[in-house]
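Undergrad: Below is the file entry26.txt, with compact mmCIF, C-alpha atoms.
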# COMPACT_ATOMS: atom_id res chain seq x y z
CA MET M 1 3.33 23.88 -2.00
CA LEU M 2 0.75 22.95 -4.55
CA GLU M 3 -0.34 19.36 -4.40
CA ASP M 4 -0.28 17.09 -7.41
CA LEU M 5 -3.66 16.25 -8.89
CA LEU M 6 -2.15 13.63 -11.14
CA ARG M 7 1.22 11.95 -10.99
CA LEU M 8 2.73 9.25 -13.14
CA GLU M 9 6.13 7.85 -12.27
CA ALA M 10 7.97 5.67 -14.76
CA VAL M 11 4.74 4.30 -16.20
CA ASP M 12 4.80 1.69 -18.94
CA LEU M 13 1.67 1.16 -20.98
CA ASP M 14 0.83 -1.96 -22.97
CA ARG M 15 -2.05 -2.51 -25.30
CA GLY M 16 -2.52 -6.22 -25.78
CA ALA M 17 0.91 -7.69 -26.37
CA ARG M 18 2.31 -4.44 -27.74
CA ARG M 19 4.14 -1.90 -25.60
CA LEU M 20 2.93 1.59 -26.46
CA LEU M 21 4.79 3.77 -24.00
CA SER M 22 7.62 3.30 -21.58
CA GLY M 23 8.94 5.44 -18.79
CA VAL M 24 6.26 8.15 -18.81
CA SER M 25 6.70 10.48 -15.84
CA PHE M 26 4.84 13.70 -15.29
CA ALA M 27 2.89 15.49 -12.61
CA VAL M 28 -0.05 17.83 -12.99
CA ARG M 29 -0.54 20.46 -10.29
CA SER M 30 -3.51 22.72 -9.86
CA GLY M 31 -3.49 25.68 -12.22
CA GLU M 32 -1.76 23.76 -15.00
CA CYS M 33 -3.06 23.01 -18.46
CA TRP M 34 -1.41 20.15 -20.32
CA GLN M 35 -1.70 19.26 -23.96
CA MET M 36 -0.89 15.66 -24.78
CA LEU M 37 0.67 15.39 -28.23
CA GLY M 38 1.58 12.36 -30.25
CA SER M 39 1.16 10.86 -33.68
CA ASN M 40 -1.83 8.62 -34.43
CA GLY M 41 -1.56 5.38 -32.52
CA SER M 42 1.01 6.74 -30.10
CA GLY M 43 -1.24 5.89 -27.14
CA LYS M 44 -2.90 9.18 -26.24
CA THR M 45 -6.36 7.71 -25.75
CA SER M 46 -4.99 4.58 -24.08
CA LEU M 47 -3.01 6.69 -21.62
CA MET M 48 -6.03 8.91 -20.98
CA ARG M 49 -8.20 5.89 -20.21
CA ALA M 50 -5.53 4.41 -17.99
CA ILE M 51 -5.10 7.69 -16.10
CA SER M 52 -8.83 7.96 -15.48
CA GLY M 53 -8.92 4.42 -14.13
CA LEU M 54 -11.22 3.19 -16.87
CA THR M 55 -8.73 0.53 -17.90
CA ARG M 56 -6.38 -1.19 -15.51
CA LEU M 57 -4.68 -3.78 -17.67
CA GLY M 58 -1.38 -2.92 -19.27
CA LEU M 59 -0.40 -0.12 -16.91
CA GLN M 60 2.74 -0.68 -14.87
CA GLY M 61 4.31 1.83 -12.57
CA GLN M 62 3.10 4.40 -10.08
CA ARG M 63 -0.15 6.18 -10.89
CA PHE M 64 -1.77 8.67 -8.60
CA CYS M 65 -4.88 10.52 -9.64
CA THR M 66 -7.27 12.62 -7.61
CA GLU M 67 -10.80 11.31 -7.13
CA SER M 68 -12.26 14.51 -8.44
CA VAL M 69 -12.02 13.93 -12.20
CA LEU M 70 -14.18 14.84 -15.15
CA TYR M 71 -13.50 12.46 -18.01
CA GLN M 72 -14.82 13.24 -21.47
CA GLY M 73 -13.65 10.73 -24.05
CA HIS M 74 -14.17 10.31 -27.77
CA LEU M 75 -17.68 9.06 -27.10
CA PRO M 76 -20.08 11.82 -26.12
CA GLY M 77 -21.87 9.98 -23.30
CA LEU M 78 -25.20 11.29 -24.54
CA LYS M 79 -28.40 9.31 -25.00
CA PRO M 80 -29.90 10.04 -28.45
CA LEU M 81 -33.48 9.80 -27.21
CA LEU M 82 -33.08 12.15 -24.27
CA SER M 83 -33.11 15.93 -24.54
CA CYS M 84 -30.05 18.13 -23.93
CA THR M 85 -31.21 19.01 -20.43
CA GLU M 86 -32.10 15.42 -19.55
CA ASN M 87 -28.69 14.27 -20.73
CA LEU M 88 -26.76 16.95 -18.90
CA ARG M 89 -28.48 16.17 -15.61
CA TRP M 90 -26.23 13.17 -15.16
CA HIS M 91 -22.62 12.37 -15.92
CA GLY M 92 -20.81 9.54 -14.19
CA SER M 93 -17.58 11.42 -13.63
CA GLY M 94 -17.00 15.05 -12.81
CA ARG M 95 -19.61 15.77 -10.11
CA VAL M 96 -21.88 17.65 -12.49
CA THR M 97 -24.78 19.59 -11.10
CA ASP M 98 -28.35 18.75 -12.09
CA ASN M 99 -29.59 22.29 -11.50
CA ALA M 100 -31.84 23.17 -14.47
CA GLU M 101 -30.86 26.87 -14.48
CA LYS M 102 -27.16 26.08 -14.54
CA ILE M 103 -27.74 23.58 -17.35
CA ALA M 104 -29.58 26.23 -19.38
CA ALA M 105 -26.72 28.68 -18.71
CA ALA M 106 -24.15 26.07 -19.79
CA LEU M 107 -26.04 25.40 -23.00
CA LYS M 108 -26.08 29.13 -23.67
CA GLN M 109 -22.30 29.22 -23.18
CA VAL M 110 -21.78 26.60 -25.88
CA GLY M 111 -24.14 28.40 -28.23
CA LEU M 112 -27.12 26.10 -27.87
CA GLU M 113 -29.62 28.42 -26.25
CA GLY M 114 -33.13 27.33 -27.12
CA TYR M 115 -32.14 23.70 -27.60
CA GLU M 116 -32.79 22.72 -23.97
CA ASN M 117 -35.62 20.33 -24.81
CA THR M 118 -34.38 19.15 -28.20
CA LEU M 119 -33.54 15.46 -28.43
CA ILE M 120 -29.86 14.73 -29.01
CA CYS M 121 -30.64 12.66 -32.12
CA GLN M 122 -32.03 15.80 -33.78
CA LEU M 123 -28.74 17.71 -33.44
CA SER M 124 -25.77 17.74 -35.79
CA ALA M 125 -22.51 16.00 -34.89
CA GLY M 126 -20.84 19.28 -33.93
CA GLN M 127 -23.82 20.34 -31.83
CA GLN M 128 -23.77 16.99 -30.05
CA ARG M 129 -20.09 17.51 -29.22
CA ARG M 130 -20.98 20.94 -27.84
CA VAL M 131 -23.68 19.44 -25.61
CA GLY M 132 -21.12 16.99 -24.24
CA LEU M 133 -18.65 19.80 -23.61
CA ALA M 134 -21.30 21.90 -21.85
CA ARG M 135 -20.36 19.68 -18.89
CA LEU M 136 -17.23 21.81 -18.50
CA TRP M 137 -19.54 24.52 -17.18
CA LEU M 138 -21.37 22.14 -14.86
CA SER M 139 -18.57 20.14 -13.31
CA GLU M 140 -17.07 20.71 -9.91
CA ALA M 141 -14.22 18.30 -10.55
CA GLN M 142 -10.68 19.59 -10.10
CA LEU M 143 -9.02 17.67 -12.88
CA TRP M 144 -10.45 17.52 -16.38
CA LEU M 145 -9.31 14.74 -18.70
CA LEU M 146 -10.49 15.64 -22.19
CA ASP M 147 -9.77 13.37 -25.12
CA GLU M 148 -9.84 15.32 -28.39
CA PRO M 149 -12.23 18.01 -27.12
CA PHE M 150 -11.94 20.09 -30.30
CA THR M 151 -13.00 17.38 -32.76
CA ALA M 152 -15.93 18.57 -34.91
CA ILE M 153 -15.96 21.93 -33.11
CA ASP M 154 -15.76 25.10 -35.20
CA VAL M 155 -13.31 28.00 -34.68
CA ASP M 156 -15.63 30.00 -32.42
CA GLY M 157 -16.41 26.94 -30.33
CA THR M 158 -12.73 26.15 -29.94
CA ALA M 159 -12.05 29.65 -28.65
CA ILE M 160 -14.91 29.37 -26.14
CA LEU M 161 -13.61 26.02 -24.91
CA GLU M 162 -10.06 27.26 -24.60
CA ALA M 163 -11.28 30.22 -22.57
CA GLN M 164 -13.24 27.94 -20.26
CA MET M 165 -10.25 25.63 -19.81
CA GLN M 166 -8.04 28.59 -18.91
CA ARG M 167 -10.65 29.89 -16.48
CA HIS M 168 -10.75 26.47 -14.82
CA CYS M 169 -6.97 26.50 -14.40
CA ALA M 170 -7.06 30.03 -13.04
CA ASP M 171 -9.63 28.83 -10.47
CA GLY M 172 -7.18 26.21 -9.20
CA GLY M 173 -8.23 23.31 -11.39
CA ALA M 174 -6.15 21.47 -13.94
CA VAL M 175 -6.74 20.21 -17.46
CA VAL M 176 -5.12 17.46 -19.48
CA PHE M 177 -6.31 17.25 -23.05
CA THR M 178 -5.23 15.63 -26.28
CA SER M 179 -5.36 17.45 -29.56
CA HIS M 180 -3.49 17.59 -32.82
CA GLN M 181 -4.40 21.21 -33.38
CA PRO M 182 -2.06 23.94 -32.22
CA THR M 183 -3.88 25.99 -29.60
CA ARG M 184 -3.63 29.65 -28.75
CA MET M 185 -3.57 29.10 -25.05
CA ALA M 186 -0.90 30.79 -23.00
CA GLU M 187 1.11 28.87 -20.40
CA LEU M 188 0.40 25.54 -21.97
CA LYS M 189 2.50 22.59 -20.90
CA VAL M 190 3.15 19.93 -23.47
CA LEU M 191 3.57 16.21 -23.03
CA ASP M 192 4.88 14.70 -26.25
CA LEU M 193 4.17 10.98 -26.18
CA ASP M 194 6.35 10.28 -29.20
CA GLN M 195 9.41 10.70 -27.02
CA TYR M 196 8.20 7.88 -24.76
CA ALA M 197 7.40 5.52 -27.63
CA ALA M 198 8.63 2.03 -26.88
CA MET Z 1 -22.45 16.83 -4.17
CA LEU Z 2 -22.68 13.06 -4.50
CA PRO Z 3 -26.36 12.28 -4.85
CA GLU Z 4 -27.64 9.70 -2.43
CA LEU Z 5 -28.04 6.17 -3.67
CA GLY Z 6 -31.84 6.26 -3.48
CA THR Z 7 -32.05 9.44 -5.55
CA PHE Z 8 -29.54 8.02 -8.01
CA LEU Z 9 -31.55 4.82 -8.43
CA ARG Z 10 -34.81 6.68 -8.96
CA PHE Z 11 -33.18 9.08 -11.38
CA GLN Z 12 -31.51 6.36 -13.45
CA THR Z 13 -34.71 4.31 -13.59
CA GLN Z 14 -36.63 7.34 -14.79
CA ARG Z 15 -33.98 8.08 -17.45
CA HIS Z 16 -34.05 4.54 -18.79
CA LEU Z 17 -37.82 4.29 -18.94
CA GLN Z 18 -38.11 7.75 -20.50
CA ALA Z 19 -35.64 6.89 -23.26
CA ALA Z 20 -37.25 3.49 -23.85
CA LEU Z 21 -40.77 4.88 -24.07
CA ARG Z 22 -39.67 7.32 -26.77
CA ARG Z 23 -39.03 4.37 -29.06
CA PRO Z 24 -42.04 2.10 -28.46
CA SER Z 25 -41.19 -0.13 -31.42
CA ASP Z 26 -38.36 -1.67 -29.39
CA ILE Z 27 -40.87 -2.64 -26.72
CA VAL Z 28 -43.65 -3.89 -29.00
CA GLY Z 29 -41.29 -5.70 -31.39
CA PRO Z 30 -40.45 -8.63 -29.10
CA LEU Z 31 -44.14 -9.12 -28.29
CA ILE Z 32 -44.97 -9.35 -31.98
CA PHE Z 33 -42.05 -11.76 -32.43
CA PHE Z 34 -43.55 -13.87 -29.65
CA LEU Z 35 -47.00 -13.81 -31.27
CA MET Z 36 -45.62 -14.76 -34.68
CA VAL Z 37 -43.61 -17.69 -33.37
CA ILE Z 38 -46.57 -18.95 -31.34
CA THR Z 39 -48.76 -18.94 -34.46
CA LEU Z 40 -46.17 -21.09 -36.25
CA PHE Z 41 -46.83 -24.04 -33.93
CA PRO Z 42 -50.45 -24.77 -34.92
CA ILE Z 43 -49.29 -24.58 -38.54
CA GLY Z 44 -46.39 -26.96 -37.96
CA LEU Z 45 -48.00 -29.37 -35.48
CA GLY Z 46 -51.53 -29.36 -36.88
CA PRO Z 47 -54.50 -27.59 -35.36
CA ASP Z 48 -55.66 -30.41 -33.00
CA PRO Z 49 -56.65 -28.51 -29.79
CA LYS Z 50 -55.74 -31.45 -27.53
CA ILE Z 51 -52.20 -31.76 -28.85
CA LEU Z 52 -51.72 -27.99 -28.68
CA ALA Z 53 -53.04 -27.84 -25.12
CA SER Z 54 -50.68 -30.57 -23.97
CA LEU Z 55 -47.68 -28.91 -25.60
CA ALA Z 56 -48.65 -25.32 -24.69
CA PRO Z 57 -46.56 -24.94 -21.46
CA GLY Z 58 -43.38 -26.06 -23.20
CA ILE Z 59 -44.03 -24.01 -26.33
CA LEU Z 60 -44.81 -20.81 -24.43
CA TRP Z 61 -41.78 -21.16 -22.22
CA VAL Z 62 -39.32 -22.00 -25.00
CA VAL Z 63 -40.56 -19.07 -27.07
CA ALA Z 64 -40.36 -16.77 -24.02
CA LEU Z 65 -36.77 -17.92 -23.51
CA LEU Z 66 -35.83 -17.27 -27.12
CA SER Z 67 -37.46 -13.86 -27.28
CA SER Z 68 -35.77 -12.88 -24.03
CA LEU Z 69 -32.46 -13.99 -25.51
CA VAL Z 70 -33.04 -11.88 -28.61
CA VAL Z 71 -33.69 -8.69 -26.64
CA SER Z 72 -31.17 -9.12 -23.84
CA GLY Z 73 -28.31 -9.32 -26.31
CA ARG Z 74 -28.70 -5.61 -26.99
CA LEU Z 75 -28.89 -4.72 -23.31
CA PHE Z 76 -25.65 -2.73 -22.95
CA GLN Z 77 -25.03 -2.12 -26.65
CA SER Z 78 -26.21 1.48 -26.85
CA ASP Z 79 -24.52 2.37 -23.56
CA TYR Z 80 -21.27 0.97 -24.86
CA GLU Z 81 -21.55 2.79 -28.16
CA ASP Z 82 -22.50 6.22 -26.84
CA GLY Z 83 -20.05 6.28 -23.94
CA THR Z 84 -22.61 6.01 -21.14
CA LEU Z 85 -20.95 2.81 -20.00
CA GLU Z 86 -17.61 4.58 -19.50
CA GLN Z 87 -19.33 7.14 -17.36
CA LEU Z 88 -21.16 4.49 -15.34
CA ALA Z 89 -17.81 2.83 -14.69
CA LEU Z 90 -16.25 6.13 -13.58
CA SER Z 91 -19.23 7.11 -11.46
CA PRO Z 92 -18.82 7.04 -7.68
CA HIS Z 93 -21.83 4.70 -7.51
CA PRO Z 94 -21.06 0.98 -7.85
CA LEU Z 95 -21.27 -0.29 -11.41
CA ALA Z 96 -23.10 -3.39 -10.17
CA ILE Z 97 -25.97 -1.23 -8.93
CA SER Z 98 -26.17 0.93 -12.08
CA ALA Z 99 -26.16 -2.22 -14.20
CA MET Z 100 -28.89 -3.72 -12.04
CA VAL Z 101 -31.06 -0.66 -12.67
CA GLU Z 102 -30.63 -1.23 -16.36
CA VAL Z 103 -31.52 -4.92 -16.13
CA PHE Z 104 -34.52 -4.11 -13.97
CA CYS Z 105 -35.88 -1.56 -16.47
CA HIS Z 106 -35.22 -3.98 -19.31
CA TRP Z 107 -37.15 -6.69 -17.44
CA LEU Z 108 -40.10 -4.37 -16.76
CA LEU Z 109 -40.40 -3.52 -20.45
CA SER Z 110 -39.81 -7.02 -21.79
CA GLY Z 111 -40.50 -9.79 -19.26
CA VAL Z 112 -43.30 -8.19 -17.27
CA LEU Z 113 -45.05 -7.00 -20.44
CA LEU Z 114 -44.72 -10.49 -21.91
CA ALA Z 115 -46.21 -11.99 -18.74
CA LEU Z 116 -49.11 -9.53 -18.92
CA ALA Z 117 -49.76 -10.39 -22.57
CA SER Z 118 -49.29 -14.14 -22.09
CA PRO Z 119 -53.00 -14.98 -21.48
CA VAL Z 120 -53.67 -14.06 -25.12
CA PHE Z 121 -50.90 -16.36 -26.32
CA ALA Z 122 -52.07 -19.12 -23.98
CA ALA Z 123 -55.60 -18.87 -25.39
CA LEU Z 124 -54.18 -19.25 -28.91
CA LEU Z 125 -52.74 -22.61 -27.84
CA ASN Z 126 -55.93 -23.73 -26.08
CA MET Z 127 -54.32 -23.81 -22.66
CA PRO Z 128 -56.73 -24.60 -19.76
CA GLY Z 129 -57.88 -21.44 -17.98
CA GLN Z 130 -56.77 -22.51 -14.49
CA ALA Z 131 -53.12 -22.58 -15.62
CA ILE Z 132 -53.08 -18.99 -16.88
CA PRO Z 133 -52.40 -17.20 -13.55
CA VAL Z 134 -49.57 -19.66 -12.90
CA LEU Z 135 -48.22 -19.04 -16.40
CA MET Z 136 -48.19 -15.31 -15.74
CA GLY Z 137 -46.55 -15.70 -12.34
CA SER Z 138 -43.95 -18.12 -13.63
CA LEU Z 139 -43.14 -15.80 -16.53
CA VAL Z 140 -42.72 -12.79 -14.22
CA LEU Z 141 -40.20 -14.67 -12.06
CA GLY Z 142 -38.65 -16.60 -14.93
CA THR Z 143 -38.07 -13.66 -17.23
CA LEU Z 144 -36.29 -11.86 -14.39
CA CYS Z 145 -33.89 -14.81 -14.23
CA LEU Z 146 -33.56 -14.80 -18.02
CA SER Z 147 -32.87 -11.06 -18.11
CA LEU Z 148 -30.16 -11.47 -15.46
CA ILE Z 149 -28.54 -14.39 -17.29
CA GLY Z 150 -28.80 -12.53 -20.59
CA ALA Z 151 -27.23 -9.47 -18.99
CA VAL Z 152 -24.24 -11.45 -17.74
CA ALA Z 153 -23.68 -12.81 -21.25
CA ALA Z 154 -24.32 -9.39 -22.82
CA SER Z 155 -21.81 -7.73 -20.49
CA LEU Z 156 -19.12 -10.08 -21.77
CA THR Z 157 -20.01 -9.80 -25.46
CA VAL Z 158 -20.84 -6.09 -25.68
CA ALA Z 159 -17.42 -5.14 -27.03
CA LEU Z 160 -17.54 -7.78 -29.78
CA ARG Z 161 -18.79 -6.71 -33.18
CA ARG Z 162 -20.88 -9.82 -33.76
CA GLY Z 163 -21.45 -11.27 -30.34
CA GLY Z 164 -24.89 -12.70 -31.13
CA VAL Z 165 -23.99 -16.36 -31.51
CA LEU Z 166 -21.53 -16.31 -28.63
CA LEU Z 167 -24.20 -14.70 -26.49
CA SER Z 168 -26.59 -17.59 -27.18
CA LEU Z 169 -23.87 -20.16 -26.51
CA LEU Z 170 -23.06 -18.51 -23.19
CA SER Z 171 -26.59 -18.03 -21.95
CA ILE Z 172 -28.66 -20.99 -23.22
CA PRO Z 173 -27.01 -23.60 -20.93
CA LEU Z 174 -27.61 -21.34 -17.93
CA THR Z 175 -31.29 -20.92 -18.77
CA VAL Z 176 -32.09 -24.66 -18.55
CA PRO Z 177 -33.07 -24.66 -14.84
CA VAL Z 178 -35.42 -21.72 -15.45
CA LEU Z 179 -37.06 -23.60 -18.30
CA ILE Z 180 -37.43 -26.78 -16.23
CA PHE Z 181 -39.05 -25.04 -13.25
CA GLY Z 182 -41.18 -22.75 -15.41
CA THR Z 183 -42.67 -25.44 -17.62
CA ALA Z 184 -43.14 -27.76 -14.65
CA ALA Z 185 -45.15 -25.13 -12.78
CA VAL Z 186 -47.44 -24.46 -15.74
CA ARG Z 187 -47.87 -28.15 -16.59
CA GLU Z 188 -48.78 -29.07 -13.01
CA ALA Z 189 -51.31 -26.23 -12.92
CA ALA Z 190 -52.80 -27.31 -16.27
CA LEU Z 191 -53.26 -30.83 -14.89
CA GLY Z 192 -54.88 -29.45 -11.75
CA TYR Z 193 -51.99 -30.14 -9.33
CA ASP Z 194 -50.30 -27.79 -6.91
CA PRO Z 195 -47.67 -25.70 -8.81
CA TYR Z 196 -46.37 -23.68 -5.87
CA SER Z 197 -43.23 -25.67 -5.12
CA TRP Z 198 -42.05 -25.02 -8.70
CA LEU Z 199 -42.90 -21.35 -8.43
CA ALA Z 200 -40.99 -21.21 -5.15
CA LEU Z 201 -37.95 -22.71 -6.86
CA LEU Z 202 -38.23 -20.10 -9.63
CA GLY Z 203 -38.50 -17.39 -6.99
CA ALA Z 204 -35.39 -18.73 -5.28
CA LEU Z 205 -33.52 -18.64 -8.59
CA ALA Z 206 -34.65 -15.06 -9.18
CA ALA Z 207 -33.62 -14.00 -5.67
CA ALA Z 208 -30.21 -15.62 -5.97
CA GLY Z 209 -29.81 -14.07 -9.40
CA CYS Z 210 -30.64 -10.58 -8.14
CA VAL Z 211 -27.87 -10.89 -5.55
CA LEU Z 212 -25.15 -12.61 -7.56
CA ALA Z 213 -25.69 -11.56 -11.18
CA PRO Z 214 -24.93 -7.83 -10.65
CA LEU Z 215 -21.43 -8.70 -9.46
CA ALA Z 216 -20.84 -10.82 -12.55
CA ILE Z 217 -22.36 -8.16 -14.82
CA ALA Z 218 -20.14 -5.42 -13.37
CA ALA Z 219 -17.05 -7.58 -13.77
CA GLY Z 220 -18.05 -8.43 -17.34
CA LEU Z 221 -18.60 -4.79 -18.22
CA ARG Z 222 -15.20 -3.81 -16.81
CA ILE Z 223 -13.57 -6.50 -18.91
CA SER Z 224 -15.44 -5.21 -21.98
CA LEU Z 225 -14.23 -1.67 -21.29
CA GLU Z 226 -10.64 -2.90 -21.35
CA ALA Z 227 -11.05 -3.97 -24.95
Reformat the file's structure so that it appears as structure tokens.

TA:
Amino acid sequence: MLEDLLRLEAVDLDRGARRLLSGVSFAVRSGECWQMLGSNGSGKTSLMRAISGLTRLGLQGQRFCTESVLYQGHLPGLKPLLSCTENLRWHGSGRVTDNAEKIAAALKQVGLEGYENTLICQLSAGQQRRVGLARLWLSEAQLWLLDEPFTAIDVDGTAILEAQMQRHCADGGAVVFTSHQPTRMAELKVLDLDQYAA
Amino acid sequence: MLPELGTFLRFQTQRHLQAALRRPSDIVGPLIFFLMVITLFPIGLGPDPKILASLAPGILWVVALLSSLVVSGRLFQSDYEDGTLEQLALSPHPLAISAMVEVFCHWLLSGVLLALASPVFAALLNMPGQAIPVLMGSLVLGTLCLSLIGAVAASLTVALRRGGVLLSLLSIPLTVPVLIFGTAAVREAALGYDPYSWLALLGALAAAGCVLAPLAIAAGLRISLEA
């Protein structure tokens, strides 16, 4: 019996006075990769933030989420005046390692070899996104919550990320991500938020 | 895997100072602001050294308060905008402690520097020499209080686009006791009396602030993250 890493039971989500979602129920077990779909404004980011525990207001219903979570939102969580390595040494969520060799290896994975000591403010938007996503190679968290991970990432980068997400699931982890793009991942589970629209 | 609290504190402090030192203009700017405002007073009040000396404690303290207000408003702004704040909130370490590290680094680079530079400003206003050590001491303790008060207000206004005025309205009333004790200490010292009871009161305020303000700051930041 695989245990649930994340479970929502009949969850309603409000944003301000407006109800975004009602009756959302789903469970994420280890090994599963979920894509959250929904039109703009359907509450993908709000639900992601509520799942991670970042916001507490507006969520009614049962929410269970493992402690071992890597959350990567729209914002990169990178300091412009610190170098790639300095930035990757710390991330609040996700139990990332601060081992310099592993950080260099992760940067190589995302195609940024040689940029270890470059300041974030000297990188392009896409490169900055890649630095943020290098955390997927550094995290020991079981559940990854990724909000629009493919934004500003090119085709090659997307393929690399998809491969890493599938590897994580194969290793017993789980991924929940939002994206409008169709992905080429096999065994993808889909949560369409439009069907829960209030 | 969870780094110990001591390591975490040292690491975060190092990160903040490193990032801040890479943009020295943000550190020097408030000091130049202070210098410019101080030089306005002899122009506005007339250059009589006696008048300036008698007003110096009040002038220096009010300007210190204003410059602290200007810089503390931006305290959590960059963290909020680049997503660091989200990660601090999700971190297994208490948000109150992470926020306190930030306030402490901010105070080192603004308040403590201001206190170290204050003898120059005091000389510009013809302040008696025996009051200068007390001025420096009172500014070290007082700016810590001001940074903490500013951080509480900044934590509540960080999610607002133009929180500047609201920030001043929230924090200025709370800074009044600091101003009273700070100016009293310097004035007593300038007149040759014992300033230590005032300094002790400032110290008590700073100690109470260090204990209570982090809780308020963490709560404020969580509210801002809900927005």

Undergrad: Wanna dump the chain Z-chain M contacts at 6 Å for me, each residue with its shortest atom pair and the distance in Å to one decimal, counting all atoms listed in the file, ordered by chain and number, as JSON lines?

TA:
{"residue": "Z:Ala19", "atom": "CA", "partner": "M:Leu81", "partner_atom": "CA", "distance": 5.4}
{"residue": "Z:Asp82", "atom": "CA", "partner": "M:Gly77", "partner_atom": "CA", "distance": 5.2}
{"residue": "Z:Gly83", "atom": "CA", "partner": "M:Gly77", "partner_atom": "CA", "distance": 4.2}
{"residue": "Z:Thr84", "atom": "CA", "partner": "M:Gly77", "partner_atom": "CA", "distance": 4.6}
{"residue": "Z:Gln87", "atom": "CA", "partner": "M:Gly92", "partner_atom": "CA", "distance": 4.2}
{"residue": "Z:Leu88", "atom": "CA", "partner": "M:Gly92", "partner_atom": "CA", "distance": 5.2}
{"residue": "Z:Leu90", "atom": "CA", "partner": "M:Ser93", "partner_atom": "CA", "distance": 5.5}
{"residue": "Z:Ser91", "atom": "CA", "partner": "M:Gly92", "partner_atom": "CA", "distance": 4.0}
{"residue": "Z:Glu226", "atom": "CA", "partner": "M:Thr55", "partner_atom": "CA", "distance": 5.2}

Undergrad: Atoms to include: C-alpha atoms. Write the selected residues as a compact mmCIF listing (two decimals), keeping the file's coordinate frame.

TA:
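Dumped everything to result_0.txt:
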# COMPACT_ATOMS: atom_id res chain seq x y z
CA ALA Z 19 -35.64 6.89 -23.26
CA ASP Z 82 -22.50 6.22 -26.84
CA GLY Z 83 -20.05 6.28 -23.94
CA THR Z 84 -22.61 6.01 -21.14
CA GLN Z 87 -19.33 7.14 -17.36
CA LEU Z 88 -21.16 4.49 -15.34
CA LEU Z 90 -16.25 6.13 -13.58
CA SER Z 91 -19.23 7.11 -11.46
CA GLU Z 226 -10.64 -2.90 -21.35

Undergrad: Just want the 10 Å neighbourhood of Arg19 in chain M, counted on only C-alpha atoms, with same-chain residues fewer than 4 positions away dropped. Output as a list in words.

TA: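 In the requested format, the answer is Asp12, Leu13, Asp14, Arg15, Gly43, Gly58, Leu59, Ala197 and Ala198 of chain M.
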
Undergrad: Grab the CA of Ala186 in chain M to CA of Met48 in chain M distance for me, in Å with one decimal place.

TA: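 If I compute the distance from CA of Ala186 in chain M to CA of Met48 in chain M, I get 22.6 Å.
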
Undergrad: Applying 9 Å and all atoms listed in the file, which residues near range 177-181 of chain M remain after dropping the ones on its own chain fewer than 4 positions away? List them as number ranges by chain.

TA: M: 33-39, 44-45, 48, 144-151

Undergrad: Please determine, counting all atoms listed in the file, which residue among Z:Gly192, Z:Pro173, Z:Gly164, Z:Gly111 has the shortest atom-to-atom distance to Ile27 in chain Z.

TA: Z:Gly111

Undergrad: Excluding Ala218 in chain Z and residues on its chain fewer than 6 positions from it, collect all residues at most 7 Å away from it, counting all atoms listed in the file, and give them as a ChimeraX atom specification.

TA: /Z:95-96,99
